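The structure under discussion appears below in the form of structure tokens.
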Amino acid sequence: TSREKAMAAAAAAAAGAPGSTDGAQGLLARSPPGQFDIVAKEIRGIVGADGFPDAAVAAAREAHLKSERPVLEVGKGHFVALCPEGQVGPGKFVDSKRAAVVCVDMVTGKPSEGGDGDGDAAAVLGEAGSPVRAAREAVVGELETYAGHAFSFRGTRHGAVEVFVSGEDLTVVLSGVKTRLDNFWAAQWQSTWTVSGAAGASPSLSGSVRVTTHYFEDGNVQLRAAKDFAAVPLKGAATPEKLAEAVRRAIADTEDAYQAALAAVVQSVEGETMRDLRRAMPLSGQPMAWNLNAHRFRRALPSAKSGAGSSS
């Protein structure tokens, strides 16, 4: 039937080359915010579980988290950003707030049985007693408060922060995902920052922000915006606590300014860009005459001419 042919065509497009799941994996890896499992279910509904096995889903999730850094709730009200910076093994991610390893089922995306894993968290948390570890602990504590404020909506939190050690530097990951699929939208704010020389005399901060929004009522529209920020010095960071305050202040100021700039762009699209797309004048080059009597008279002219011709 035509329905079966359509499903077969969709299956071929999703699966890519015969016997391959690369096409579907790529599609799934680029899922919009908070919709990975929905897209996975839809793909399996087309090609079947045998056509898109668990291994393919796990591989797609691995690729997805490397670019999107999704957020997972582990216990009531506690969130972990699943990011490559904190991955210490297959399905094992460091929760930098609790200094523990969380195991994740890469097929279902849920915390797997057993809770905390046994991965080597010290590799990304810093050696005990080291100056850079003390800096990390102060920064993650300060930014946990910031994330709780930045990623909360009507008392519900939907974001996480992670801070890891990389040599003498710190890597900060902030990720927040908000979905209202019943209202046809989803969005994510994601930023990564490097605190260079975190335990030194002249630390600095650089990073990038990525924003994704997805609106799909009577259509499918996505906004993807990204911006890099050059290094700026963190002044007055003589102690871990002072460093943490300086990092939080610099990130908050930068993200607030970028959000304001994005809001201005959106307003200009509505007020200027869309207006510029509309034709200013009709093809006739004459302004539209908003006179109903004139239009009625114009429509009556053909019938009047035909009547005059038949009577002559």
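Ordering of the structure tokens sets the chain letters (A, B, ...), residue numbers begin anew at 1 in every chain, and ligands are numbered from 1 in the order given.
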
Can you list every residue in segment 21-164 of chain A that DSSP puts in strand (DSSP E), as JSON, numbers by chain? {"A": [71, 72, 73, 79, 80, 81, 87, 88, 89, 92, 93, 94, 95, 100, 101, 102, 103, 104, 111, 112, 113, 114, 115, 116, 117, 152, 153, 156, 157, 159, 160, 161, 162, 163, 164]}

Selection from above, N, CA, C and O atoms, as a compact mmCIF listing (two decimals), in the first residue's frame, can you write it?
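The file below, again31.txt, is the result:
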```txt
# COMPACT_ATOMS: atom_id res chain seq x y z
N VAL A 71 21.27 17.55 30.83
CA VAL A 71 21.20 17.58 32.29
C VAL A 71 20.38 16.39 32.77
O VAL A 71 19.33 16.07 32.21
N LEU A 72 20.87 15.72 33.81
CA LEU A 72 20.19 14.56 34.37
C LEU A 72 19.91 14.81 35.85
O LEU A 72 20.79 15.22 36.60
N GLU A 73 18.67 14.55 36.25
CA GLU A 73 18.32 14.66 37.67
C GLU A 73 18.68 13.35 38.37
O GLU A 73 18.19 12.29 38.01
N PHE A 79 21.03 17.87 40.22
CA PHE A 79 21.22 17.72 38.79
C PHE A 79 22.71 17.61 38.45
O PHE A 79 23.56 18.24 39.08
N VAL A 80 22.98 16.80 37.42
CA VAL A 80 24.34 16.59 36.93
C VAL A 80 24.35 16.89 35.43
O VAL A 80 23.44 16.46 34.70
N ALA A 81 25.35 17.64 34.97
CA ALA A 81 25.53 17.87 33.54
C ALA A 81 26.38 16.74 32.99
O ALA A 81 27.52 16.52 33.43
N GLN A 87 33.52 12.87 31.93
CA GLN A 87 33.32 11.44 31.69
C GLN A 87 34.60 10.68 31.99
O GLN A 87 35.68 11.00 31.48
N VAL A 88 34.49 9.65 32.83
CA VAL A 88 35.67 8.89 33.25
C VAL A 88 35.59 7.42 32.82
O VAL A 88 36.43 6.62 33.24
N GLY A 89 34.60 7.10 32.03
CA GLY A 89 34.45 5.73 31.55
C GLY A 89 33.15 5.59 30.81
O GLY A 89 32.32 6.52 30.80
N LYS A 92 29.95 6.59 32.62
CA LYS A 92 30.33 7.05 33.95
C LYS A 92 30.71 8.52 33.90
O LYS A 92 31.60 8.93 33.14
N PHE A 93 30.04 9.33 34.73
CA PHE A 93 30.22 10.78 34.72
C PHE A 93 30.42 11.28 36.15
O PHE A 93 29.74 10.83 37.07
N VAL A 94 31.32 12.25 36.30
CA VAL A 94 31.62 12.78 37.62
C VAL A 94 30.61 13.86 37.98
O VAL A 94 30.35 14.79 37.21
N ASP A 95 30.03 13.71 39.15
CA ASP A 95 29.21 14.75 39.78
C ASP A 95 30.18 15.58 40.61
O ASP A 95 30.58 15.17 41.71
N ALA A 100 31.54 12.50 43.28
CA ALA A 100 31.17 11.10 43.10
C ALA A 100 30.98 10.82 41.62
O ALA A 100 30.85 11.73 40.80
N VAL A 101 30.97 9.54 41.28
CA VAL A 101 30.76 9.12 39.90
C VAL A 101 29.36 8.56 39.76
O VAL A 101 28.94 7.72 40.56
N VAL A 102 28.64 9.03 38.76
CA VAL A 102 27.28 8.59 38.51
C VAL A 102 27.28 7.68 37.28
O VAL A 102 27.84 8.03 36.24
N CYS A 103 26.67 6.52 37.42
CA CYS A 103 26.52 5.60 36.29
C CYS A 103 25.22 5.90 35.55
O CYS A 103 24.18 6.12 36.17
N VAL A 104 25.29 5.90 34.23
CA VAL A 104 24.13 6.22 33.40
C VAL A 104 23.94 5.11 32.37
O VAL A 104 24.90 4.69 31.71
N PRO A 111 19.75 7.05 35.40
CA PRO A 111 20.80 6.54 36.29
C PRO A 111 20.64 5.03 36.44
O PRO A 111 19.55 4.54 36.70
N SER A 112 21.71 4.30 36.24
CA SER A 112 21.61 2.85 36.28
C SER A 112 21.68 2.35 37.71
O SER A 112 22.03 3.09 38.63
N GLU A 113 21.32 1.09 37.90
CA GLU A 113 21.29 0.52 39.24
C GLU A 113 22.67 0.55 39.86
O GLU A 113 23.68 0.35 39.20
N GLY A 114 22.70 0.81 41.14
CA GLY A 114 23.97 0.89 41.84
C GLY A 114 24.37 2.31 42.20
O GLY A 114 25.25 2.52 43.00
N GLY A 115 23.69 3.28 41.59
CA GLY A 115 23.95 4.68 41.93
C GLY A 115 25.34 5.11 41.54
O GLY A 115 25.72 5.06 40.38
N ASP A 116 26.16 5.53 42.50
CA ASP A 116 27.51 6.02 42.24
C ASP A 116 28.39 4.89 41.71
O ASP A 116 28.39 3.77 42.23
N GLY A 117 29.13 5.22 40.69
CA GLY A 117 30.04 4.23 40.13
C GLY A 117 31.39 4.27 40.83
O GLY A 117 31.60 5.00 41.79
N SER A 152 16.38 28.27 37.33
CA SER A 152 15.14 27.96 38.05
C SER A 152 13.99 28.75 37.47
O SER A 152 14.15 29.92 37.09
N PHE A 153 12.85 28.10 37.39
CA PHE A 153 11.65 28.74 36.85
C PHE A 153 10.48 28.35 37.73
O PHE A 153 10.15 27.17 37.85
N THR A 156 11.18 25.62 40.22
CA THR A 156 11.65 24.33 39.71
C THR A 156 12.98 24.51 38.99
O THR A 156 13.10 25.34 38.09
N ARG A 157 13.95 23.74 39.40
CA ARG A 157 15.28 23.86 38.80
C ARG A 157 15.39 22.94 37.58
O ARG A 157 14.83 21.84 37.55
N GLY A 159 18.71 22.95 35.62
CA GLY A 159 20.07 23.12 35.12
C GLY A 159 21.10 22.67 36.12
O GLY A 159 20.80 22.39 37.28
N ALA A 160 22.36 22.61 35.66
CA ALA A 160 23.44 22.12 36.51
C ALA A 160 24.73 22.83 36.18
O ALA A 160 24.90 23.41 35.10
N VAL A 161 25.67 22.76 37.11
CA VAL A 161 27.03 23.26 36.89
C VAL A 161 28.00 22.16 37.27
O VAL A 161 27.75 21.39 38.21
N GLU A 162 29.08 22.06 36.54
CA GLU A 162 30.17 21.16 36.89
C GLU A 162 31.48 21.93 36.75
O GLU A 162 31.61 22.80 35.87
N VAL A 163 32.43 21.64 37.63
CA VAL A 163 33.75 22.27 37.59
C VAL A 163 34.79 21.17 37.71
O VAL A 163 34.78 20.39 38.67
N PHE A 164 35.71 21.13 36.74
CA PHE A 164 36.72 20.07 36.70
C PHE A 164 38.11 20.69 36.63
O PHE A 164 38.29 21.83 36.20
```

With a distance cut-off of 9 Å and only C-alpha atoms, select the neighbouring residues of Ala199 of chain A, excluding the residue or stretch itself and same-chain residues fewer than 4 positions from it, and output the selection as a ChimeraX atom specification. /A:131-135,168-169,203,238-240,243

Find the residue from A:Glu245, A:Glu137, A:Asp54, A:Asp256 that sits nearest to Leu170 of chain A; use only C-alpha atoms when measuring. A:Glu137

DSSP-assigned alpha helix (DSSP H) members of segment 47-256 of chain A, reported as a PyMOL selection string: chain A and resi 47-51+54-68+122-125+131-150+240-256

Which residue is closest to Gln259 of chain A? Choose from A:Ala63, A:Ala225, A:Ala99, A:Val57 and count only C-alpha atoms. A:Ala225

Each residue of segment 48-148 of chain A lying at most 9 Å from segment 21-34 of chain A should get a row with its shortest atom-to-atom pair and the distance in Å to one decimal, counting only C-alpha atoms; could you produce that, ordered by chain and increasing number, as a Markdown table?
```
| residue | atom | partner | partner_atom | distance |
| --- | --- | --- | --- | --- |
| A:Gly51 | CA | A:Thr21 | CA | 7.6 |
| A:Phe52 | CA | A:Thr21 | CA | 6.5 |
| A:Pro53 | CA | A:Thr21 | CA | 8.8 |
| A:Ala56 | CA | A:Gln25 | CA | 6.4 |
| A:Val57 | CA | A:Gln25 | CA | 7.0 |
| A:Ala59 | CA | A:Gln25 | CA | 7.3 |
| A:Ala60 | CA | A:Ala29 | CA | 4.9 |
| A:Arg61 | CA | A:Ala29 | CA | 6.1 |
| A:Glu62 | CA | A:Ala29 | CA | 8.0 |
| A:Ala63 | CA | A:Ala29 | CA | 5.7 |
| A:His64 | CA | A:Ala29 | CA | 4.4 |
| A:Leu65 | CA | A:Ala29 | CA | 8.2 |
| A:Ser67 | CA | A:Arg30 | CA | 8.7 |
| A:Glu68 | CA | A:Pro33 | CA | 8.0 |
| A:Pro70 | CA | A:Gly34 | CA | 7.6 |
| A:Val71 | CA | A:Gly34 | CA | 8.7 |
```

Output for the residues just chosen: N, CA and C atoms as a PDB file, in the first residue's frame:
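Wrote it out as selection24.pdb, contents follow:
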```
ATOM      1  N   GLY A  51      16.160  -2.820  13.568  1.00  0.00           N
ATOM      2  CA  GLY A  51      16.817  -1.936  12.612  1.00  0.00           C
ATOM      3  C   GLY A  51      17.618  -0.834  13.271  1.00  0.00           C
ATOM      4  N   PHE A  52      17.340  -0.583  14.545  1.00  0.00           N
ATOM      5  CA  PHE A  52      18.079   0.440  15.282  1.00  0.00           C
ATOM      6  C   PHE A  52      18.300  -0.085  16.696  1.00  0.00           C
ATOM      7  N   PRO A  53      19.309  -0.928  16.875  1.00  0.00           N
ATOM      8  CA  PRO A  53      19.504  -1.641  18.146  1.00  0.00           C
ATOM      9  C   PRO A  53      20.007  -0.730  19.261  1.00  0.00           C
ATOM     10  N   ALA A  56      23.242   1.232  18.811  1.00  0.00           N
ATOM     11  CA  ALA A  56      23.144   2.441  17.994  1.00  0.00           C
ATOM     12  C   ALA A  56      22.598   3.607  18.819  1.00  0.00           C
ATOM     13  N   VAL A  57      21.620   3.340  19.680  1.00  0.00           N
ATOM     14  CA  VAL A  57      21.080   4.387  20.548  1.00  0.00           C
ATOM     15  C   VAL A  57      22.165   4.886  21.498  1.00  0.00           C
ATOM     16  N   ALA A  59      25.418   4.805  21.101  1.00  0.00           N
ATOM     17  CA  ALA A  59      26.418   5.570  20.356  1.00  0.00           C
ATOM     18  C   ALA A  59      25.910   6.966  20.031  1.00  0.00           C
ATOM     19  N   ALA A  60      24.637   7.071  19.692  1.00  0.00           N
ATOM     20  CA  ALA A  60      24.045   8.382  19.399  1.00  0.00           C
ATOM     21  C   ALA A  60      24.002   9.248  20.647  1.00  0.00           C
ATOM     22  N   ARG A  61      23.687   8.648  21.795  1.00  0.00           N
ATOM     23  CA  ARG A  61      23.648   9.426  23.038  1.00  0.00           C
ATOM     24  C   ARG A  61      25.050   9.913  23.404  1.00  0.00           C
ATOM     25  N   GLU A  62      26.033   9.079  23.161  1.00  0.00           N
ATOM     26  CA  GLU A  62      27.414   9.478  23.430  1.00  0.00           C
ATOM     27  C   GLU A  62      27.781  10.716  22.609  1.00  0.00           C
ATOM     28  N   ALA A  63      27.418  10.711  21.325  1.00  0.00           N
ATOM     29  CA  ALA A  63      27.700  11.863  20.464  1.00  0.00           C
ATOM     30  C   ALA A  63      26.873  13.075  20.887  1.00  0.00           C
ATOM     31  N   HIS A  64      25.647  12.838  21.313  1.00  0.00           N
ATOM     32  CA  HIS A  64      24.744  13.914  21.722  1.00  0.00           C
ATOM     33  C   HIS A  64      25.290  14.656  22.940  1.00  0.00           C
ATOM     34  N   LEU A  65      25.745  13.934  23.934  1.00  0.00           N
ATOM     35  CA  LEU A  65      26.213  14.587  25.161  1.00  0.00           C
ATOM     36  C   LEU A  65      27.515  15.344  24.937  1.00  0.00           C
ATOM     37  N   SER A  67      28.227  17.240  22.459  1.00  0.00           N
ATOM     38  CA  SER A  67      27.955  18.575  21.924  1.00  0.00           C
ATOM     39  C   SER A  67      26.876  19.309  22.713  1.00  0.00           C
ATOM     40  N   GLU A  68      25.925  18.584  23.286  1.00  0.00           N
ATOM     41  CA  GLU A  68      24.769  19.234  23.915  1.00  0.00           C
ATOM     42  C   GLU A  68      24.843  19.298  25.432  1.00  0.00           C
ATOM     43  N   PRO A  70      23.632  17.408  28.043  1.00  0.00           N
ATOM     44  CA  PRO A  70      22.305  17.367  28.670  1.00  0.00           C
ATOM     45  C   PRO A  70      22.393  17.289  30.191  1.00  0.00           C
ATOM     46  N   VAL A  71      21.270  17.555  30.826  1.00  0.00           N
ATOM     47  CA  VAL A  71      21.197  17.582  32.288  1.00  0.00           C
ATOM     48  C   VAL A  71      20.384  16.387  32.773  1.00  0.00           C
TER      49      VAL A  71
END
```

Surrounding residues of Ala226 of chain A excluding itself and chain neighbours under 6 positions, 8 Å, only C-alpha atoms, as a ChimeraX atom specification: /A:208-211

May I have the selected residues written with all heavy atoms, as a compact mmCIF listing (two decimals), in the first residue's frame?
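Dumped everything to out02.txt:
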```
# COMPACT_ATOMS: atom_id res chain seq x y z
N SER A 208 32.72 30.31 26.15
CA SER A 208 31.76 30.41 25.06
C SER A 208 30.37 30.09 25.57
O SER A 208 30.21 29.39 26.58
CB SER A 208 32.13 29.44 23.92
OG SER A 208 32.08 28.09 24.37
N VAL A 209 29.37 30.61 24.87
CA VAL A 209 27.96 30.38 25.20
C VAL A 209 27.26 29.87 23.95
O VAL A 209 27.49 30.38 22.84
CB VAL A 209 27.27 31.67 25.71
CG1 VAL A 209 25.79 31.42 25.95
CG2 VAL A 209 27.93 32.17 26.98
N ARG A 210 26.40 28.88 24.13
CA ARG A 210 25.56 28.36 23.04
C ARG A 210 24.12 28.35 23.51
O ARG A 210 23.82 27.88 24.61
CB ARG A 210 25.98 26.95 22.64
CG ARG A 210 27.29 26.85 21.90
CD ARG A 210 27.58 25.41 21.53
NE ARG A 210 26.47 24.83 20.80
CZ ARG A 210 26.26 23.51 20.68
NH1 ARG A 210 27.06 22.65 21.28
NH2 ARG A 210 25.24 23.06 19.99
N VAL A 211 23.23 28.84 22.66
CA VAL A 211 21.81 28.87 22.97
C VAL A 211 21.05 28.19 21.83
O VAL A 211 21.30 28.46 20.65
CB VAL A 211 21.30 30.33 23.13
CG1 VAL A 211 19.80 30.34 23.41
CG2 VAL A 211 22.05 31.03 24.25
```
